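Below is the file structure_26.txt, which contains compact mmCIF, C-alpha atoms (C1' of nucleotides).
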# COMPACT_ATOMS: atom_id res chain seq x y z
CA MET A 84 39.04 39.27 -17.46
CA ALA A 85 41.47 38.81 -20.33
CA LYS A 86 40.55 36.48 -23.15
CA SER A 87 43.12 33.89 -22.18
CA ASP A 88 41.86 33.85 -18.61
CA ALA A 89 38.32 33.22 -19.76
CA ALA A 90 39.52 30.39 -21.94
CA ALA A 91 41.44 28.91 -19.03
CA ALA A 92 38.44 29.20 -16.74
CA GLN A 93 36.36 27.34 -19.28
CA SER A 94 38.83 24.69 -20.28
CA ASP A 95 39.02 23.00 -16.91
CA ALA A 96 35.30 22.78 -16.21
CA ARG A 97 35.16 19.28 -17.59
CA ALA A 98 38.36 18.36 -15.84
CA ARG A 99 36.79 19.54 -12.62
CA LEU A 100 33.66 17.50 -13.13
CA THR A 101 35.57 14.29 -13.69
CA ASP A 102 37.59 15.07 -10.57
CA ASP A 103 34.47 15.76 -8.60
CA VAL A 104 33.83 12.94 -6.15
CA SER A 105 30.10 13.70 -6.15
CA PHE A 106 29.87 13.38 -9.89
CA LEU A 107 31.98 10.24 -9.98
CA LEU A 108 29.82 8.81 -7.22
CA ALA A 109 26.71 9.51 -9.26
CA ARG A 110 28.08 7.97 -12.41
CA ALA A 111 29.61 4.95 -10.72
CA ASN A 112 26.36 4.39 -8.88
CA ALA A 113 24.34 4.64 -12.06
CA LEU A 114 26.48 1.96 -13.69
CA SER A 115 26.40 -0.20 -10.60
CA LEU A 116 22.64 0.12 -10.28
CA ALA A 117 22.06 -0.78 -13.90
CA ALA A 118 24.36 -3.79 -13.67
CA GLY A 119 22.84 -4.91 -10.39
CA ASN A 120 19.27 -4.64 -11.62
CA ALA A 121 20.15 -6.54 -14.77
CA ALA A 122 21.84 -9.29 -12.80
CA LEU A 123 18.93 -9.62 -10.37
CA ALA A 124 16.11 -9.36 -12.91
CA ALA A 125 16.18 -13.10 -13.61
CA LEU A 126 15.36 -13.69 -9.93
CA GLY A 127 12.51 -11.19 -9.93
CA LEU A 128 14.48 -8.76 -7.78
CA LYS A 129 15.86 -5.27 -8.13
CA VAL A 130 18.68 -3.75 -6.16
CA ARG A 131 16.15 -2.22 -3.80
CA SER A 132 14.22 -5.38 -3.05
CA TYR A 133 17.45 -7.35 -2.88
CA SER A 134 18.77 -4.97 -0.24
CA VAL A 135 15.63 -5.37 1.84
CA LEU A 136 15.85 -9.12 1.51
CA ALA A 137 19.52 -9.11 2.44
CA LEU A 138 18.82 -7.12 5.58
CA ALA A 139 15.89 -9.37 6.44
CA CYS A 140 18.29 -12.31 6.19
CA ASP A 141 20.29 -10.66 8.93
CA THR A 142 20.02 -11.77 12.54
CA ALA A 143 16.98 -13.76 13.62
CA ALA A 144 15.44 -10.54 14.94
CA GLY A 145 15.51 -8.65 11.67
CA PRO A 146 15.35 -4.91 11.19
CA SER A 147 12.26 -2.82 11.75
CA GLN A 148 10.85 -0.96 8.78
CA ARG A 149 12.06 2.30 10.25
CA GLU A 150 15.56 0.87 10.40
CA LEU A 151 15.27 -0.29 6.81
CA ALA A 152 14.17 3.18 5.76
CA GLU A 153 17.05 4.82 7.54
CA PHE A 154 19.65 2.34 6.34
CA LEU A 155 18.54 2.42 2.72
CA ARG A 156 17.72 6.13 2.78
CA LEU A 157 14.15 5.57 1.72
CA ASP A 158 10.88 7.15 2.73
CA PRO A 159 9.00 4.90 5.17
CA SER A 160 6.18 4.64 2.65
CA GLN A 161 8.55 3.17 0.09
CA VAL A 162 9.58 0.53 2.58
CA VAL A 163 5.94 -0.41 3.01
CA ALA A 164 5.66 -1.10 -0.71
CA LEU A 165 8.90 -3.08 -0.82
CA VAL A 166 8.00 -5.17 2.20
CA ASP A 167 4.47 -5.72 0.89
CA ASP A 168 5.86 -7.07 -2.35
CA LEU A 169 8.42 -9.40 -0.78
CA GLN A 170 5.87 -10.60 1.74
CA ARG A 171 3.30 -11.36 -0.97
CA ARG A 172 5.92 -13.51 -2.61
CA GLY A 173 6.54 -15.40 0.62
CA LEU A 174 10.16 -14.29 0.93
CA ILE A 175 9.87 -12.32 4.16
CA GLU A 176 7.49 -11.98 7.06
CA ARG A 177 6.40 -9.10 9.23
CA ARG A 178 6.54 -10.05 12.88
CA PRO A 179 5.31 -7.79 15.62
CA ASP A 180 8.24 -6.51 17.61
CA PRO A 181 7.66 -7.90 21.12
CA ALA A 182 9.44 -4.88 22.58
CA ASP A 183 7.37 -2.31 20.69
CA ARG A 184 3.94 -3.18 19.37
CA ARG A 185 3.99 -0.29 16.90
CA ALA A 186 6.94 -1.78 15.07
CA ASN A 187 7.26 -4.72 12.73
CA VAL A 188 10.36 -6.78 12.55
CA VAL A 189 11.14 -8.04 9.06
CA VAL A 190 12.59 -11.53 8.81
CA ALA A 191 13.27 -13.77 5.84
CA THR A 192 11.42 -17.02 5.30
CA ALA A 193 13.19 -20.20 4.24
CA ASP A 194 12.32 -19.33 0.63
CA GLY A 195 13.70 -15.86 1.22
CA LEU A 196 16.97 -17.22 2.54
CA ALA A 197 17.29 -19.54 -0.42
CA LEU A 198 16.57 -16.80 -2.93
CA HIS A 199 18.94 -14.47 -1.15
CA ALA A 200 21.75 -16.97 -1.53
CA ARG A 201 21.21 -17.08 -5.27
CA ALA A 202 20.78 -13.33 -5.50
CA LEU A 203 23.96 -12.75 -3.54
CA ALA A 204 25.89 -14.86 -6.02
CA ALA A 205 24.37 -12.96 -8.95
CA ALA A 206 25.06 -9.59 -7.33
CA GLU A 207 28.63 -10.53 -6.55
CA ALA A 208 29.20 -11.68 -10.09
CA ALA A 209 27.87 -8.38 -11.40
CA GLU A 210 30.08 -6.50 -9.00
CA ARG A 211 33.16 -8.44 -9.99
CA ASP A 212 32.32 -7.60 -13.55
CA LEU A 213 31.98 -3.91 -12.74
CA HIS A 214 35.19 -3.75 -10.69
CA GLY A 215 37.21 -6.02 -12.87
CA ASN A 216 40.07 -3.59 -13.12
CA LEU A 217 40.41 -3.14 -9.36
CA SER A 218 42.54 -5.43 -7.25
CA VAL A 219 41.13 -6.98 -4.11
CA ALA A 220 43.12 -4.55 -2.00
CA GLU A 221 41.89 -1.60 -4.02
CA ARG A 222 38.32 -2.74 -3.68
CA ALA A 223 38.69 -3.04 0.07
CA GLN A 224 40.20 0.40 0.19
CA LEU A 225 37.38 1.82 -1.91
CA ALA A 226 34.85 0.22 0.41
CA GLU A 227 36.59 1.73 3.43
CA LEU A 228 36.66 5.23 1.93
CA LEU A 229 33.04 4.99 0.80
CA ARG A 230 31.99 3.77 4.22
CA ARG A 231 33.36 6.93 5.78
CA ILE A 232 31.19 8.99 3.45
CA ALA A 233 28.13 6.77 3.59
CA PHE A 234 28.16 6.48 7.40
CA PRO A 235 29.45 9.75 8.76
CA MET B 75 22.09 -27.46 7.20
CA ALA B 76 22.80 -27.47 10.93
CA LYS B 77 21.27 -24.79 13.08
CA SER B 78 24.56 -23.10 13.77
CA ASP B 79 25.36 -22.91 10.06
CA ALA B 80 22.03 -21.27 9.33
CA ALA B 81 22.67 -18.76 12.09
CA ALA B 82 26.13 -18.06 10.72
CA ALA B 83 24.76 -17.68 7.20
CA GLN B 84 22.25 -15.17 8.51
CA SER B 85 24.45 -13.24 10.85
CA ASP B 86 26.79 -11.89 8.20
CA ALA B 87 24.15 -10.69 5.75
CA ARG B 88 24.24 -7.22 7.20
CA ALA B 89 28.02 -7.30 7.40
CA ARG B 90 28.06 -8.19 3.74
CA LEU B 91 25.81 -5.35 2.75
CA THR B 92 27.95 -2.75 4.49
CA ASP B 93 30.98 -4.27 2.80
CA ASP B 94 29.26 -4.23 -0.54
CA VAL B 95 30.75 -1.54 -2.75
CA SER B 96 27.51 -1.25 -4.72
CA PHE B 97 25.50 -0.61 -1.61
CA LEU B 98 28.02 1.86 -0.22
CA LEU B 99 28.04 3.59 -3.58
CA ALA B 100 24.27 3.92 -3.48
CA ARG B 101 24.19 5.26 0.03
CA ALA B 102 27.11 7.64 -0.41
CA ASN B 103 25.54 8.90 -3.61
CA ALA B 104 22.20 9.44 -1.91
CA LEU B 105 23.84 11.58 0.77
CA SER B 106 25.93 13.43 -1.77
CA LEU B 107 22.95 14.11 -3.99
CA ALA B 108 20.85 15.42 -1.13
CA ALA B 109 23.65 17.67 0.08
CA GLY B 110 24.38 18.89 -3.43
CA ASN B 111 20.77 19.68 -4.24
CA ALA B 112 20.38 21.52 -0.95
CA ALA B 113 23.51 23.55 -1.57
CA LEU B 114 22.48 24.45 -5.12
CA ALA B 115 18.81 25.17 -4.41
CA ALA B 116 19.52 28.79 -3.50
CA LEU B 117 20.91 29.28 -7.03
CA GLY B 118 17.91 27.66 -8.67
CA LEU B 119 19.95 24.64 -9.69
CA LYS B 120 19.93 20.95 -8.93
CA VAL B 121 22.83 18.58 -9.29
CA ARG B 122 21.56 17.62 -12.74
CA SER B 123 21.24 21.12 -14.11
CA TYR B 124 24.50 22.11 -12.44
CA SER B 125 26.27 19.27 -14.22
CA VAL B 126 24.89 20.34 -17.57
CA LEU B 127 25.92 23.91 -16.89
CA ALA B 128 29.38 22.82 -15.80
CA LEU B 129 29.89 20.85 -18.99
CA ALA B 130 28.55 23.74 -21.07
CA CYS B 131 31.18 25.93 -19.40
CA ASP B 132 33.75 23.58 -20.85
CA THR B 133 35.70 24.43 -23.98
CA ALA B 134 34.33 27.07 -26.33
CA ALA B 135 32.92 24.30 -28.49
CA GLY B 136 30.78 22.74 -25.78
CA PRO B 137 29.37 19.24 -25.74
CA SER B 138 26.58 18.02 -27.99
CA GLN B 139 23.38 16.87 -26.33
CA ARG B 140 24.25 13.30 -27.19
CA GLU B 141 27.57 13.71 -25.39
CA LEU B 142 25.78 15.18 -22.39
CA ALA B 143 23.40 12.24 -22.31
CA GLU B 144 26.23 9.76 -22.47
CA PHE B 145 28.40 11.52 -19.91
CA LEU B 146 25.58 12.01 -17.40
CA ARG B 147 23.94 8.67 -18.18
CA LEU B 148 20.64 10.26 -19.10
CA ASP B 149 18.09 9.56 -21.75
CA PRO B 150 18.45 12.04 -24.62
CA SER B 151 14.92 13.26 -23.95
CA GLN B 152 15.90 14.23 -20.42
CA VAL B 153 18.76 16.26 -21.81
CA VAL B 154 16.30 18.13 -24.00
CA ALA B 155 14.33 19.15 -20.91
CA LEU B 156 17.43 20.17 -18.97
CA VAL B 157 18.84 22.19 -21.84
CA ASP B 158 15.44 23.78 -22.51
CA ASP B 159 15.27 24.94 -18.92
CA LEU B 160 18.78 26.37 -18.75
CA GLN B 161 18.35 28.02 -22.12
CA ARG B 162 15.05 29.65 -21.09
CA ARG B 163 16.94 31.12 -18.16
CA GLY B 164 19.62 32.51 -20.46
CA LEU B 165 22.40 30.44 -18.94
CA ILE B 166 23.29 28.39 -21.98
CA GLU B 167 22.79 28.47 -25.74
CA ARG B 168 22.20 25.84 -28.37
CA ARG B 169 24.48 26.41 -31.33
CA PRO B 170 24.31 24.35 -34.49
CA ASP B 171 27.37 22.18 -34.76
CA PRO B 172 29.12 23.35 -37.96
CA ALA B 173 30.53 19.88 -38.48
CA ASP B 174 27.16 18.09 -38.17
CA ARG B 175 23.96 19.95 -38.78
CA ARG B 176 21.90 17.39 -36.88
CA ALA B 177 23.70 18.18 -33.66
CA ASN B 178 23.56 21.11 -31.27
CA VAL B 179 26.55 22.28 -29.33
CA VAL B 180 25.70 23.55 -25.87
CA VAL B 181 27.70 26.52 -24.62
CA ALA B 182 27.34 28.72 -21.58
CA THR B 183 26.44 32.39 -21.83
CA ALA B 184 28.19 35.05 -19.76
CA ASP B 185 25.40 34.72 -17.19
CA GLY B 186 25.88 30.97 -17.26
CA LEU B 187 29.60 31.27 -16.59
CA ALA B 188 28.95 33.65 -13.73
CA LEU B 189 26.34 31.41 -12.16
CA HIS B 190 28.54 28.39 -12.63
CA ALA B 191 31.32 30.05 -10.67
CA ARG B 192 29.00 30.62 -7.75
CA ALA B 193 27.50 27.14 -8.05
CA LEU B 194 30.94 25.59 -8.15
CA ALA B 195 31.81 27.28 -4.86
CA ALA B 196 28.56 26.10 -3.29
CA ALA B 197 29.02 22.55 -4.56
CA GLU B 198 32.60 22.43 -3.32
CA ALA B 199 31.57 23.67 0.09
CA ALA B 200 28.91 20.96 0.29
CA GLU B 201 31.43 18.37 -0.77
CA ARG B 202 33.98 19.49 1.79
CA ASP B 203 31.24 19.17 4.36
CA LEU B 204 30.40 15.66 3.20
CA HIS B 205 34.01 14.48 3.06
CA GLY B 206 35.18 16.31 6.13
CA ASN B 207 36.72 13.21 7.62
CA LEU B 208 38.80 12.41 4.55
CA SER B 209 42.23 13.86 3.99
CA VAL B 210 43.11 15.50 0.69
CA ALA B 211 45.16 12.47 -0.28
CA GLU B 212 42.33 10.12 0.59
CA ARG B 213 39.88 12.15 -1.41
CA ALA B 214 42.18 12.05 -4.42
CA GLN B 215 42.55 8.33 -4.01
CA LEU B 216 38.80 7.89 -3.75
CA ALA B 217 38.34 9.93 -6.90
CA GLU B 218 40.88 7.78 -8.73
CA LEU B 219 39.24 4.52 -7.67
CA LEU B 220 35.77 5.81 -8.52
CA ARG B 221 36.99 7.00 -11.89
CA ARG B 222 38.04 3.49 -12.77
CA ILE B 223 34.53 2.26 -12.04
CA ALA B 224 32.71 5.21 -13.56
CA PHE B 225 34.74 5.19 -16.79
CA PRO B 226 35.58 1.60 -17.51
C1' DG C 141 -4.55 10.11 32.62
C1' DG C 142 -3.04 13.66 29.18
C1' DG C 143 0.07 15.31 25.77
C1' DA C 144 4.04 14.90 22.84
C1' DC C 145 6.28 11.78 20.07
C1' DT C 146 7.10 7.51 17.05
C1' DA C 147 6.08 3.27 13.65
C1' DG C 148 3.56 2.03 10.06
C1' DT C 149 0.23 2.92 6.48
C1' DT C 150 -2.44 5.27 2.84
C1' DG C 151 -3.08 8.21 -0.93
C1' DA C 152 -2.11 12.23 -3.79
C1' DA C 153 1.14 15.18 -6.32
C1' DA C 154 5.47 16.04 -8.36
C1' DT C 155 9.58 14.38 -10.36
C1' DT C 156 12.15 11.21 -12.88
C1' DG C 157 12.93 7.20 -15.93
C1' DT C 158 11.83 4.62 -20.07
C1' DC C 159 10.39 3.93 -24.71
C1' DA C 160 8.41 4.36 -29.29
C1' DA C 161 7.74 7.41 -33.10
C1' DT C 162 9.12 11.52 -36.00
C1' DT C 163 12.13 14.82 -38.49
C1' DA C 164 16.38 16.23 -40.30
C1' DT C 165 20.80 15.02 -41.44
C1' DT C 166 24.75 11.93 -42.23
C1' DG C 167 27.26 7.89 -43.88
C1' DT C 168 27.32 3.82 -46.86
C1' DT C 169 26.54 0.93 -50.70
C1' DC C 170 25.50 -0.33 -55.14
C1' DG D 239 24.42 9.83 -57.26
C1' DA D 240 20.13 7.50 -55.69
C1' DA D 241 18.64 4.39 -52.18
C1' DC D 242 19.10 2.85 -47.61
C1' DA D 243 20.58 2.22 -42.98
C1' DA D 244 22.13 4.84 -39.02
C1' DT D 245 22.31 8.98 -35.94
C1' DA D 246 20.95 13.69 -33.27
C1' DA D 247 17.33 15.91 -31.44
C1' DT D 248 12.67 16.18 -30.22
C1' DT D 249 7.94 14.99 -28.76
C1' DG D 250 4.59 12.61 -26.22
C1' DA D 251 2.92 8.82 -23.66
C1' DC D 252 3.43 5.87 -19.89
C1' DA D 253 5.65 3.62 -15.76
C1' DA D 254 8.34 4.03 -11.73
C1' DT D 255 10.10 6.74 -8.01
C1' DT D 256 10.16 10.43 -4.77
C1' DT D 257 8.09 13.44 -1.64
C1' DC D 258 4.53 14.93 1.52
C1' DA D 259 0.59 15.34 4.32
C1' DA D 260 -2.69 12.99 6.94
C1' DC D 261 -4.13 9.12 9.74
C1' DT D 262 -4.09 5.13 13.25
C1' DA D 263 -2.11 2.75 16.89
C1' DG D 264 1.19 2.49 20.29
C1' DT D 265 4.89 4.44 23.42
C1' DC D 266 7.05 7.59 26.59
C1' DC D 267 7.10 11.16 29.96
C1' DC D 268 5.16 14.09 33.42
Let me see the file written as structure tokens.
Amino acid sequence: MAKSDAAAAQSDARARLTDDVSFLLARANALSLAAGNAALAALGLKVRSYSVLALACDTAAGPSQRELAEFLRLDPSQVVALVDDLQRRGLIERRPDPADRRANVVVATADGLALHARALAAAEAAERDLHGNLSVAERAQLAELLRRIAFP
Amino acid sequence: MAKSDAAAAQSDARARLTDDVSFLLARANALSLAAGNAALAALGLKVRSYSVLALACDTAAGPSQRELAEFLRLDPSQVVALVDDLQRRGLIERRPDPADRRANVVVATADGLALHARALAAAEAAERDLHGNLSVAERAQLAELLRRIAFP
DNA sequence: GGGACTAGTTGAAATTGTCAATTATTGTTC
DNA sequence: GAACAATAATTGACAATTTCAACTAGTCCC
């Protein structure tokens, strides 16, 4: 390889990395996670526990822990710890799934619903802050593109 | 709050989460990270070490460790460990920065450049696999939108 | 009823993240 | 130019997270 070729091969490595969707995903996520955790800290939540709470605030028959694990891409044992914590704080309940006695269904308590409302507002504020330079249309488009990667 | 309002407030919690850019970012990143690590494992790299190597393959005067830490959003002490590892394997070198004797400049060796070329191919294949349902234009658009979040 | 599989749980081990302290060097200020 | 605050890299300690294997209880299928 000629000297100039080697130089050319080197010079665009950084360019490549900043064009790399995977890298951008990682960095954007790191910023988003930090901002989210900071915004939720005042409520005693992290992004993880907030996500569990949000899903537990879903339909009356909330998600099973297996569904939580799959949706949040966590090990089932991590879900146990998250649910334990939120349950100890009276924000969610484990209810036996009437259709499958092995499974628990996770539902929010009244306190959980109330906290979720506040947490949602905080999370949305943090997100607006993070995406300040994106228009509403752009944000929707970003969500749509991400959804096709996140849920293949 | 009337019963129907409570039900309505609950029923869109899940919808909200899957519309939440932060959540989608987290999930897409988790998939991307897993795929990337799997693709790079055969070369003895992870996404982290690959990123350091890629940046070290940058211009002749590579990045300082502080720049690596900032770019990859890592604690400086983590960069030390990553650079130690790659250096032990003869893939990169620490060179004293002539302009600032406190700083090291991290540059790839010939072996490092060679491995990076193979790793780049593997990473790109994994990414194509992950983004299979996105067109080239959509991927470019996604990269542009992510860049505006990742580098505010 | 027996055997394969699944949901949740526990606990241990490995990896990663966070933080304070230290050394060497730089930049700034009087 | 001597004194002082600030910065780059490093070390080591500690917390948090991830990953796995094993276990119990329940389901599904034959």
### Query
Taking all atoms listed in the file into account, what are the residues of chain B at most 8 Å from chain A, put as a VMD selection string?
chain B and resid 81 84 to 88 91 to 96 98 to 107 125 128 to 129 131 to 134 146 to 147 201 204 to 205 207 to 208 212 to 213 216 to 217 219 to 225
### Task
Kindly provide, as a ChimeraX atom specification, the residues of chain D having any atom no farther than 8 Å from an atom of chain B, counting all atoms listed in the file.
/D:246-248
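CA of Leu117 (chain B) is found 12.3 Å from CA of Leu160 (chain B).
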Superimposed copy of chain B on chain A by least squares over C-alpha atoms, as a CSV table (one decimal) with C-alpha atoms, keeping the file's coordinate frame:
chain,number,residue,atom,x,y,z
B,75,MET,CA,38.9,39.4,-17.3
B,76,ALA,CA,41.4,38.9,-20.1
B,77,LYS,CA,40.5,36.5,-22.9
B,78,SER,CA,43.1,34.0,-21.9
B,79,ASP,CA,41.8,33.9,-18.4
B,80,ALA,CA,38.3,33.3,-19.6
B,81,ALA,CA,39.5,30.5,-21.8
B,82,ALA,CA,41.5,29.0,-18.9
B,83,ALA,CA,38.4,29.2,-16.6
B,84,GLN,CA,36.4,27.4,-19.2
B,85,SER,CA,38.9,24.8,-20.2
B,86,ASP,CA,39.0,23.1,-16.9
B,87,ALA,CA,35.3,22.8,-16.2
B,88,ARG,CA,35.2,19.3,-17.7
B,89,ALA,CA,38.4,18.4,-15.9
B,90,ARG,CA,36.8,19.5,-12.7
B,91,LEU,CA,33.7,17.5,-13.2
B,92,THR,CA,35.6,14.3,-13.8
B,93,ASP,CA,37.6,15.0,-10.7
B,94,ASP,CA,34.5,15.7,-8.7
B,95,VAL,CA,33.9,12.9,-6.2
B,96,SER,CA,30.1,13.7,-6.2
B,97,PHE,CA,29.9,13.3,-10.0
B,98,LEU,CA,32.0,10.2,-10.0
B,99,LEU,CA,29.9,8.8,-7.3
B,100,ALA,CA,26.7,9.5,-9.3
B,101,ARG,CA,28.1,7.9,-12.5
B,102,ALA,CA,29.6,4.9,-10.8
B,103,ASN,CA,26.4,4.4,-8.9
B,104,ALA,CA,24.4,4.6,-12.2
B,105,LEU,CA,26.5,1.9,-13.8
B,106,SER,CA,26.4,-0.2,-10.7
B,107,LEU,CA,22.7,0.1,-10.3
B,108,ALA,CA,22.1,-0.8,-14.0
B,109,ALA,CA,24.4,-3.8,-13.7
B,110,GLY,CA,22.8,-4.9,-10.4
B,111,ASN,CA,19.3,-4.7,-11.7
B,112,ALA,CA,20.1,-6.6,-14.8
B,113,ALA,CA,21.8,-9.3,-12.8
B,114,LEU,CA,18.9,-9.6,-10.4
B,115,ALA,CA,16.1,-9.4,-12.9
B,116,ALA,CA,16.2,-13.1,-13.6
B,117,LEU,CA,15.4,-13.7,-9.9
B,118,GLY,CA,12.5,-11.2,-9.9
B,119,LEU,CA,14.5,-8.8,-7.8
B,120,LYS,CA,15.8,-5.3,-8.2
B,121,VAL,CA,18.6,-3.8,-6.2
B,122,ARG,CA,16.1,-2.2,-3.8
B,123,SER,CA,14.2,-5.4,-3.1
B,124,TYR,CA,17.4,-7.4,-2.9
B,125,SER,CA,18.7,-5.0,-0.3
B,126,VAL,CA,15.6,-5.4,1.8
B,127,LEU,CA,15.8,-9.1,1.5
B,128,ALA,CA,19.5,-9.1,2.4
B,129,LEU,CA,18.8,-7.1,5.6
B,130,ALA,CA,15.9,-9.3,6.4
B,131,CYS,CA,18.3,-12.3,6.2
B,132,ASP,CA,20.3,-10.6,8.9
B,133,THR,CA,20.0,-11.7,12.5
B,134,ALA,CA,17.0,-13.7,13.7
B,135,ALA,CA,15.5,-10.5,15.0
B,136,GLY,CA,15.5,-8.6,11.7
B,137,PRO,CA,15.4,-4.9,11.2
B,138,SER,CA,12.3,-2.8,11.8
B,139,GLN,CA,10.8,-0.9,8.8
B,140,ARG,CA,12.0,2.3,10.2
B,141,GLU,CA,15.6,0.9,10.4
B,142,LEU,CA,15.2,-0.3,6.8
B,143,ALA,CA,14.1,3.2,5.7
B,144,GLU,CA,17.0,4.8,7.5
B,145,PHE,CA,19.6,2.4,6.3
B,146,LEU,CA,18.5,2.4,2.6
B,147,ARG,CA,17.7,6.1,2.7
B,148,LEU,CA,14.1,5.6,1.7
B,149,ASP,CA,10.8,7.1,2.7
B,150,PRO,CA,9.0,4.9,5.1
B,151,SER,CA,6.1,4.6,2.7
B,152,GLN,CA,8.5,3.1,0.1
B,153,VAL,CA,9.5,0.5,2.6
B,154,VAL,CA,5.9,-0.4,3.0
B,155,ALA,CA,5.6,-1.1,-0.7
B,156,LEU,CA,8.8,-3.1,-0.8
B,157,VAL,CA,8.0,-5.2,2.2
B,158,ASP,CA,4.4,-5.8,0.9
B,159,ASP,CA,5.8,-7.1,-2.3
B,160,LEU,CA,8.4,-9.4,-0.8
B,161,GLN,CA,5.9,-10.6,1.8
B,162,ARG,CA,3.3,-11.4,-0.9
B,163,ARG,CA,5.9,-13.5,-2.6
B,164,GLY,CA,6.5,-15.4,0.7
B,165,LEU,CA,10.2,-14.3,1.0
B,166,ILE,CA,9.9,-12.3,4.2
B,167,GLU,CA,7.5,-12.0,7.1
B,168,ARG,CA,6.4,-9.1,9.2
B,169,ARG,CA,6.6,-10.0,12.9
B,170,PRO,CA,5.4,-7.7,15.7
B,171,ASP,CA,8.3,-6.4,17.6
B,172,PRO,CA,7.8,-7.8,21.2
B,173,ALA,CA,9.6,-4.8,22.6
B,174,ASP,CA,7.5,-2.2,20.7
B,175,ARG,CA,4.1,-3.1,19.5
B,176,ARG,CA,4.0,-0.2,17.0
B,177,ALA,CA,6.9,-1.7,15.1
B,178,ASN,CA,7.3,-4.7,12.8
B,179,VAL,CA,10.4,-6.8,12.6
B,180,VAL,CA,11.1,-8.0,9.1
B,181,VAL,CA,12.6,-11.5,8.8
B,182,ALA,CA,13.3,-13.8,5.9
B,183,THR,CA,11.4,-17.0,5.4
B,184,ALA,CA,13.2,-20.2,4.3
B,185,ASP,CA,12.3,-19.3,0.7
B,186,GLY,CA,13.7,-15.9,1.3
B,187,LEU,CA,17.0,-17.2,2.6
B,188,ALA,CA,17.3,-19.5,-0.4
B,189,LEU,CA,16.6,-16.8,-2.9
B,190,HIS,CA,18.9,-14.5,-1.1
B,191,ALA,CA,21.8,-16.9,-1.5
B,192,ARG,CA,21.2,-17.1,-5.2
B,193,ALA,CA,20.8,-13.3,-5.5
B,194,LEU,CA,24.0,-12.8,-3.5
B,195,ALA,CA,25.9,-14.9,-6.0
B,196,ALA,CA,24.4,-13.0,-8.9
B,197,ALA,CA,25.1,-9.6,-7.3
B,198,GLU,CA,28.6,-10.5,-6.6
B,199,ALA,CA,29.2,-11.7,-10.1
B,200,ALA,CA,27.9,-8.4,-11.4
B,201,GLU,CA,30.1,-6.5,-9.0
B,202,ARG,CA,33.2,-8.5,-10.0
B,203,ASP,CA,32.4,-7.7,-13.6
B,204,LEU,CA,32.0,-4.0,-12.8
B,205,HIS,CA,35.2,-3.8,-10.7
B,206,GLY,CA,37.2,-6.1,-12.9
B,207,ASN,CA,40.1,-3.7,-13.1
B,208,LEU,CA,40.4,-3.2,-9.4
B,209,SER,CA,42.5,-5.5,-7.2
B,210,VAL,CA,41.1,-7.0,-4.1
B,211,ALA,CA,43.1,-4.6,-2.0
B,212,GLU,CA,41.9,-1.6,-4.0
B,213,ARG,CA,38.3,-2.8,-3.7
B,214,ALA,CA,38.7,-3.1,0.1
B,215,GLN,CA,40.2,0.4,0.2
B,216,LEU,CA,37.4,1.8,-1.9
B,217,ALA,CA,34.8,0.2,0.4
B,218,GLU,CA,36.5,1.7,3.4
B,219,LEU,CA,36.6,5.2,1.9
B,220,LEU,CA,33.0,5.0,0.7
B,221,ARG,CA,32.0,3.8,4.2
B,222,ARG,CA,33.3,6.9,5.7
B,223,ILE,CA,31.2,9.0,3.4
B,224,ALA,CA,28.1,6.8,3.5
B,225,PHE,CA,28.1,6.5,7.3
B,226,PRO,CA,29.4,9.8,8.6
### Message
Could you work out which residues of chain C fall inside 12 Å of chain B? Count all atoms listed in the file, and format the result as a list in words.
### Response
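On the chain C side, the interface is DT155, DT156, DG157, DT158, DC159, DT163, DA164, DT165, DT166 and DG167 of chain C.
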### Task
Excluding Ala193 (chain A) and any residue of its chain fewer than 2 positions from it, enumerate the residues within 9 Å of it, using all atoms listed in the file, and give them as a list in words.
Gly173, Leu174, Ile175, Ala191, Gly195, Leu196, Ala197 and Leu198 of chain A
Deliver the residues from the most recent selection as a file, using C-alpha atoms, as a tab-separated table (two decimals), keeping the file's coordinate frame.
chain	number	residue	atom	x	y	z
A	173	GLY	CA	6.54	-15.40	0.62
A	174	LEU	CA	10.16	-14.29	0.93
A	175	ILE	CA	9.87	-12.32	4.16
A	191	ALA	CA	13.27	-13.77	5.84
A	195	GLY	CA	13.70	-15.86	1.22
A	196	LEU	CA	16.97	-17.22	2.54
A	197	ALA	CA	17.29	-19.54	-0.42
A	198	LEU	CA	16.57	-16.80	-2.93
### Message
Nearest residue to Val189 (chain A) out of A:Leu128, A:Leu123, A:Ala117, A:Leu165, using all atoms listed in the file?
### Response
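That would be A:Leu165, the residue with the smallest distance to Val189 (chain A).
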### Message
One decimal, in Å: what's the spacing between CA of Arg171 (chain A) and C1' of DT146 (chain C)?
### Response
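For CA of Arg171 (chain A) relative to C1' of DT146 (chain C), the distance reads 26.4 Å.
Take CA of Gly127 (chain A) and C1' of DA251 (chain D): the distance between them is 26.1 Å.
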### Query
Which of these, D:DC242, D:DA260, D:DT255, D:DG250, has the shortest distance to DT162 (chain C) once you count all atoms listed in the file?
D:DG250
### Message
Counting all atoms listed in the file, I want the residues whose atoms come within 12 Å of (-4.9, 7.6, 12.0) in the file frame, returned as a list in words.
### Response
DA147, DG148, DT149 and DT150 of chain C; DA260, DC261, DT262, DA263 and DG264 of chain D
